[in-house]
Each structure stands twice: as structure tokens, then as C-alpha cells.
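This report refers to the structure that appears directly beneath it.
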Amino acid sequence: MTASDLHATPAVLVVTRDPAVLDDLHSLLRARGRPVVHISDLATGYDRARVGLTILDTCDLVGVEAALAELPRPILAVTDDDSRAEALLGAGASDFVVLPCSRAVLSARIAAALKLRERVPGNTPALSDSQGSLQTLIANLPGVVYRCANDVDWSMLFVSEGCYDLTGYAPEEFTSGRVHFLGLIHHEDRDRVRAQIDQAVAERRPFRVTYRLHTAAGACKWLWAQGQGLFDDNNLIALEGVITDLSELRQTKLELEEREVLLETLLAVTETAYILCDEHGAVDYANLAAQTWLKLPDSRLVGARFADLLTALPNELREAVGRGRDSIFTVDHQGGDFEAYHLVMRNVQISGRPHTAYAFKRLTRELARQEVEVWKKVIRLIAHEINNTLAPISSLLHSARLINAAEARDARLDRIIDTISERSKHLGEFLKGYTQFARLPRPRLESTKWRSLIDRLDELVQFKIDAAPEDLNTVNAVDRSQIEQALINLLKNAVEAGGPPEEVTLRLRAHREGDEIQVLDRGPGIPPELLPKVLLPFYSTKRTGTGLGLPLCREIIDAHGGNLRIEAREGGGTAVILWLPRLAAA
């Protein structure tokens, strides 16, 4: 830049340490034919006489407010903190722009600052500015650049060509008064926008407002406007600023928010534990399943080191995470029981920072289901073969009885026939229980009041009821016959557990999401090492038990989308706890 350049067109002083900001400002000012003087420190010397406008980047400078009085006026302050703007204006800045912002907004703010500079007494007008080139620049800016009177209608003194794309009306329709901009603003937003702009003008600070506007075609758009009042001494001359269409951005934001809500909902209801950690291994997010699994609330999980949380968990799990790859592993427990897990790990970028996502899915229940399906196939095969055997035995028995009636009677033959008949009957009853387990039909849901179902049970088994009247009157959609069968099995088990019969209790608690039923006894209880086994088919703690009662109950509850668990009851005995979700009748 030569001395002649400085005298021909007053330079713009750019104070910034950010090369990116300098590049943007330099290119925008060069397009206007404005020489640039750059300094990175407020203590640096410069020729104030040759500077007509100062653009001050306050983002990383210290002591800015104190130095504003020494800088050439007017001053356009660039800040990354909206709350600091009031202090900057109070200290002497003429206007400000908040980063990050688009080049179009920055360009419009620079244009306004240059105009303001030309109105300040004592400053030499910018001789090299071409009014035609300025009009071309404004016409090509996205959105609308405007100047309007601060009257009841905000009558437009000037409005750029972008108003047609934004509103559907031509600029001359506004400047002629045929269309008033205020009248296009949504009636629910109009008073608020007017009040916000009036307050900003009264305080002599820029305003920023967001509102809805009706276009000529009847569409509703979301707009963002930034501007300020123009004053001559203490008199308000006009309002000027820029208006940008936010509709697409707002719609994108709403869609992202809806997807975020959907994702949060899915993560909240899934049984898979999801944990997200930052690059330092600190937990950023843990869903409800993870909080339950780790037995810690979200407030204690977020920010904690994941490695520290793992120290309280089994070695097999820590080793799986340490391997740093997807894997299926098991955790062994005392008594020969185990839990199977599927671990999925992924490296992801969130807000430009590396994160690691962990998903822990329990496979134990799925494996148990597969085991049950195998047993069902075995049962059906056995039932088929034995039934094929029983049919000819029954026929032979009938023939033997006919022969015995026609010839000399033999008491031993009668006893043999009776024994075969008795055993055949017993075998048939035995197979009936097995085939019932293997052929459990899908639930036929019907709206059922718990009171009516429990009253029916009271006629078949002796037990106490622990339930509030409102819980008994709760209605849920269940297969009545299947739930009755499951509860009868559980209540009979409780009676046969060996405790006082009067201590057998059915406890009902209704919740908004579903109903919890507990069957309680005061028997000797089930040893802890046997608890994981009692739900397996064919396993029984009774000498004559088939081992199908509890598995059948679990199948019924699972088919209803619920769950069944068995616990040691506080004070002695056993608690079988059923959870049935709130369902709708078919």
C-alpha cells in the first residue's frame, strides 16, 4: 500500500491475531477498494490520520475496552461472546458482529460501518466508492438489506432485490407504500418484535430478532433480522439492517430434535447397555440399561472414568473391553451358572472430537430360549413315540380282558391287567403335562379386571391377598386362562413349600407401565446355588416333580412380553415376581 493510496481512500485498520479473520476481512475490504492496515497488538504504532474505520477482533485480545478510546472512529467490534457486546458499545464501539457468522452478514455489517464512517464529522468521504458497485453488491447479497422509517408501518426507504425471493413482493411495492413489511409479520410475533426493536433503539444498541412472516404466496417463513438505529446527533433517522431466511435451517433443527428424541426414547427402553466415552476415557453418556447394569445414576456416571467403573465388574468383562474389538464372552458365577454377553465397540466423531461407543447386550435369555426350543422338539418327539406305543397296549388290554372273561379266571391275570392299566393312565397324565408345555398357544388377549381373576383363584387355592382396591380394579389385557394357570401353579408351589399355609400371599401392585404380581411363601426357601436352575425345563427340587411348572409359567409370562424372576424372601421363604406390561386387547 502506497502513501498515495492512503490519501486517495482512507484505510481500514484491522486489529486481529487470527489469520482466518484477517483473510476474510481483507478480501471483503479489497472488493470495496479499501486499503487495509493490519496490526496484531493494540500497542503497535500506526498513522491515525490515514485510518477512516477500525475493525477490532476482540476474541483473543486483553484490555480491549480500555483501548477503544484510543482507536480511530467509527469502530466495528468483532466478538465471539454476545454478552460482551453491551460493554463494547458502552466503551465506544459503533457496531459489532458476533462470530461465527456468514460472509454475507459480515459483508453487510462492514457496508453499514463504512456508511457510518462517511457520516462522522471530520472524516474525509470515501472518494473511491462507486455507488453502482455498492448497489450491485447489495443486490447479490443473500436475504434482504433494508433501511426503513421507525413509524407505525416501518415504511421502507430502501430495500434490496433479495426481498422478492424472501417475501414474493418487489422492492418498489415496499418503497411505494403499497405493501408494509410490518403487516407481513405473523400476528402472534408482531408485538414482540416491535417491543424488542424499540427497546434496542432506545438503548442505542443493535437488535436481533427471530419471527415468522407470511409471503405473497401464503407461505410462512422463519426469519432472522439484525439491525440498528441510525442517529443524527440525538435524533433517530431510520432503522437499517439485514434479514435472512431461517426456514430451512429451522426445519433441519426440528428434524434433528425429533430424531434426537426418538433416539433417546429407543435407548431408554432397550435392554442393551450403551456407554459413550470421550478420548480421555470419561463417560459422556450412559442409557438407562447401563445405569441399571452399573448400579449408578446418570449423575454419577457422566464424567467418571470408564476404566474405574470396570474395576467393580467381573474380570471377563474387563478383559473383553481391553481387547478393543467386538466379542462374545461369558461371565461365570458360583454354582455353575453363567451370563453371556455380546460386546460391540465403535470409534465415532462427536462435535469434532473422537469418542468410543460401547454396547453390551445380554445373550443369556436368548440362549435360554434356544435351549427351551430344543427341549420342546425333544418332548414332541418323545410324546409321538410313546403315544404310538400306548395305542397297541390299550388294544391288547381290551383283548386280554375278553379272553379272561371267557376262560377260567386267574386272579394274577387281573392284577397284571390292572397294573398295566394304571401305569398306562399315569403315563398318559405324565405326557399331558409335557405336551402342554411344548404346545403353549399364543396368548389371546382380552381386557381383564384383576379382581375377577383373583376371585376365581381363591376358589381353587388358599392364599392371602395383599392389594389395594384400586389395584384390584385395574384392567389389563391378558390371556385369562394362561395367567390363571401360571398363578395356580405358583400358588400350589407356595402351599407345598412347607411353610405355614396362612403365610402364602399374592401381592398385586399396579403401575402406569404395567402390573407386578408377587407370590410369597414362608417355606425353607431355595438355596442360592439352585436359584438359576429352577427355571430350566425338567429340573425340580421335588422328588415327584416333572420340572415343568416354573418353566411353563415363565413361557406364559414371556409370551405376554413380561418377565419372571425368583428371589429369596426377606425374613425367610421364596418370592416369585411377575411383571406384566400394560397391553391392549386384541
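For the C-alpha cells, the naming scheme is as follows: chains receive sequential letters (A, B, ...) according to their order of presentation, residues are indexed from 1 within each chain, and ligands are indexed from 1 in presentation order.
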Shell around Leu42 in chain A at 10 Å using only C-alpha atoms, local window under 3 positions removed, as a ChimeraX atom specification = /A:15-16,39,45-46,56,61-64,67-68,70-71
With a distance cut-off of 8 Å and only C-alpha atoms, select the neighbouring residues of Ser327 in chain A, excluding the residue or stretch itself and same-chain residues fewer than 3 positions from it, and output the selection as a PyMOL selection string.
-> chain A and resi 320+342-344
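Near Val348 in chain A, within 12 Å and counting only C-alpha atoms, sit Leu276, Cys277, Asp278, Glu279, Gly352, Arg353, Pro354, His355, Thr356, Ala357 and Tyr358 of chain A; same-chain residues fewer than 4 positions away were not included.
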Within 9 Å of Ala282 in chain A, counting only C-alpha atoms, which residues qualify if same-chain residues fewer than 4 places away don't, as an MDAnalysis selection string?
-> chainID A and resid 276:278 301:307
Selected residues written out, N, CA, C and O atoms, as a CSV table (one decimal), in the first residue's frame:
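Below is the file again-v5.csv, written as the result:
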chain,number,residue,atom,x,y,z
A,276,LEU,N,-21.0,-44.2,26.1
A,276,LEU,CA,-20.2,-43.3,25.2
A,276,LEU,C,-19.1,-42.7,26.0
A,276,LEU,O,-19.4,-42.0,27.0
A,277,CYS,N,-17.8,-42.8,25.6
A,277,CYS,CA,-16.7,-42.2,26.3
A,277,CYS,C,-15.9,-41.3,25.4
A,277,CYS,O,-15.8,-41.5,24.2
A,278,ASP,N,-15.4,-40.2,26.0
A,278,ASP,CA,-14.6,-39.3,25.2
A,278,ASP,C,-13.1,-39.8,25.0
A,278,ASP,O,-12.8,-41.0,25.5
A,301,LEU,N,-22.4,-41.3,36.8
A,301,LEU,CA,-21.7,-42.0,35.7
A,301,LEU,C,-21.0,-41.0,34.7
A,301,LEU,O,-19.8,-41.1,34.4
A,302,VAL,N,-21.7,-39.9,34.4
A,302,VAL,CA,-21.2,-38.9,33.4
A,302,VAL,C,-20.0,-38.2,34.1
A,302,VAL,O,-20.1,-37.7,35.2
A,303,GLY,N,-18.8,-38.3,33.4
A,303,GLY,CA,-17.6,-37.7,33.9
A,303,GLY,C,-16.7,-38.6,34.6
A,303,GLY,O,-15.5,-38.4,34.7
A,304,ALA,N,-17.2,-39.8,35.0
A,304,ALA,CA,-16.4,-40.8,35.6
A,304,ALA,C,-15.6,-41.6,34.6
A,304,ALA,O,-16.0,-41.7,33.4
A,305,ARG,N,-14.4,-42.0,35.0
A,305,ARG,CA,-13.5,-42.8,34.0
A,305,ARG,C,-14.1,-44.2,33.9
A,305,ARG,O,-14.4,-44.9,34.9
A,306,PHE,N,-14.3,-44.6,32.7
A,306,PHE,CA,-14.9,-45.9,32.4
A,306,PHE,C,-14.1,-47.1,33.0
A,306,PHE,O,-14.6,-48.0,33.5
A,307,ALA,N,-12.8,-46.9,32.9
A,307,ALA,CA,-11.8,-47.9,33.4
A,307,ALA,C,-12.0,-48.1,34.9
A,307,ALA,O,-11.9,-49.2,35.4
Got a sec: who's within 8 Å of Val201 in chain A, counting only C-alpha atoms, leaving out chain neighbours fewer than 6 positions off, as an MDAnalysis selection string?
-> chainID A and resid 207 228:229
Distance of CA of Ala77 in chain A from CA of Thr58 in chain A, expressed in Å to one decimal place = 6.7 Å
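Within 9 Å of Ile465 in chain A, once only C-alpha atoms are used and residues closer than 6 positions along the same chain are dropped, the contacting residues are Ile454, Val504, Thr505, Leu506, Arg507 and Leu508 of chain A.
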Could the residues in this selection be written to a file with N, CA, C and O atoms, as a PDB file, in the first residue's frame?
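Saved the output as again.pdb:
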ATOM      1  N   ILE A 454     -58.540 -62.928  40.327  1.00  0.00           N
ATOM      2  CA  ILE A 454     -58.049 -63.386  41.631  1.00  0.00           C
ATOM      3  C   ILE A 454     -59.156 -64.052  42.436  1.00  0.00           C
ATOM      4  O   ILE A 454     -58.910 -65.026  43.164  1.00  0.00           O
ATOM      5  N   VAL A 504     -48.986 -67.944  52.796  1.00  0.00           N
ATOM      6  CA  VAL A 504     -48.956 -67.865  51.328  1.00  0.00           C
ATOM      7  C   VAL A 504     -49.734 -66.618  50.898  1.00  0.00           C
ATOM      8  O   VAL A 504     -50.912 -66.458  51.226  1.00  0.00           O
ATOM      9  N   THR A 505     -49.073 -65.728  50.171  1.00  0.00           N
ATOM     10  CA  THR A 505     -49.644 -64.412  49.849  1.00  0.00           C
ATOM     11  C   THR A 505     -49.498 -64.105  48.369  1.00  0.00           C
ATOM     12  O   THR A 505     -48.465 -64.398  47.766  1.00  0.00           O
ATOM     13  N   LEU A 506     -50.548 -63.532  47.794  1.00  0.00           N
ATOM     14  CA  LEU A 506     -50.481 -62.977  46.439  1.00  0.00           C
ATOM     15  C   LEU A 506     -50.540 -61.464  46.580  1.00  0.00           C
ATOM     16  O   LEU A 506     -51.524 -60.916  47.076  1.00  0.00           O
ATOM     17  N   ARG A 507     -49.464 -60.795  46.178  1.00  0.00           N
ATOM     18  CA  ARG A 507     -49.356 -59.337  46.304  1.00  0.00           C
ATOM     19  C   ARG A 507     -49.452 -58.706  44.912  1.00  0.00           C
ATOM     20  O   ARG A 507     -48.742 -59.122  43.987  1.00  0.00           O
ATOM     21  N   LEU A 508     -50.339 -57.736  44.768  1.00  0.00           N
ATOM     22  CA  LEU A 508     -50.554 -57.065  43.480  1.00  0.00           C
ATOM     23  C   LEU A 508     -50.255 -55.581  43.633  1.00  0.00           C
ATOM     24  O   LEU A 508     -50.737 -54.930  44.553  1.00  0.00           O
TER      25      LEU A 508
END
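Backbone DSSP assigns strand (DSSP E) in range 230-260 of chain A to A:Leu230, A:Phe231, A:Asp232, A:Asn235, A:Leu236, A:Ile237, A:Ala238, A:Leu239, A:Glu240, A:Gly241, A:Val242, A:Ile243, A:Thr244, A:Asp245.
Proximity ranking of A:Cys101, A:Leu114, A:Leu236, A:Val283 relative to Cys148 in chain A places A:Leu236 first, based on only C-alpha atoms.
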Distance of CA of Gly514 in chain A from CA of Ala584 in chain A, expressed in Å to one decimal place = 11.3 Å
Top pick for closest residue to Ser83 in chain A, considering A:Phe174, A:Phe96, A:Trp224, A:Tyr164 and counting only C-alpha atoms | A:Phe96
Top pick for closest residue to Leu580 in chain A, considering A:Asp326, A:Asp558, A:Asp60, A:Glu567 and counting only C-alpha atoms | A:Asp558
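Counting only C-alpha atoms and comparing A:Met156, A:Leu76, A:Val51, A:Leu550, the residue that lies closest to Ser176 in chain A is A:Met156.
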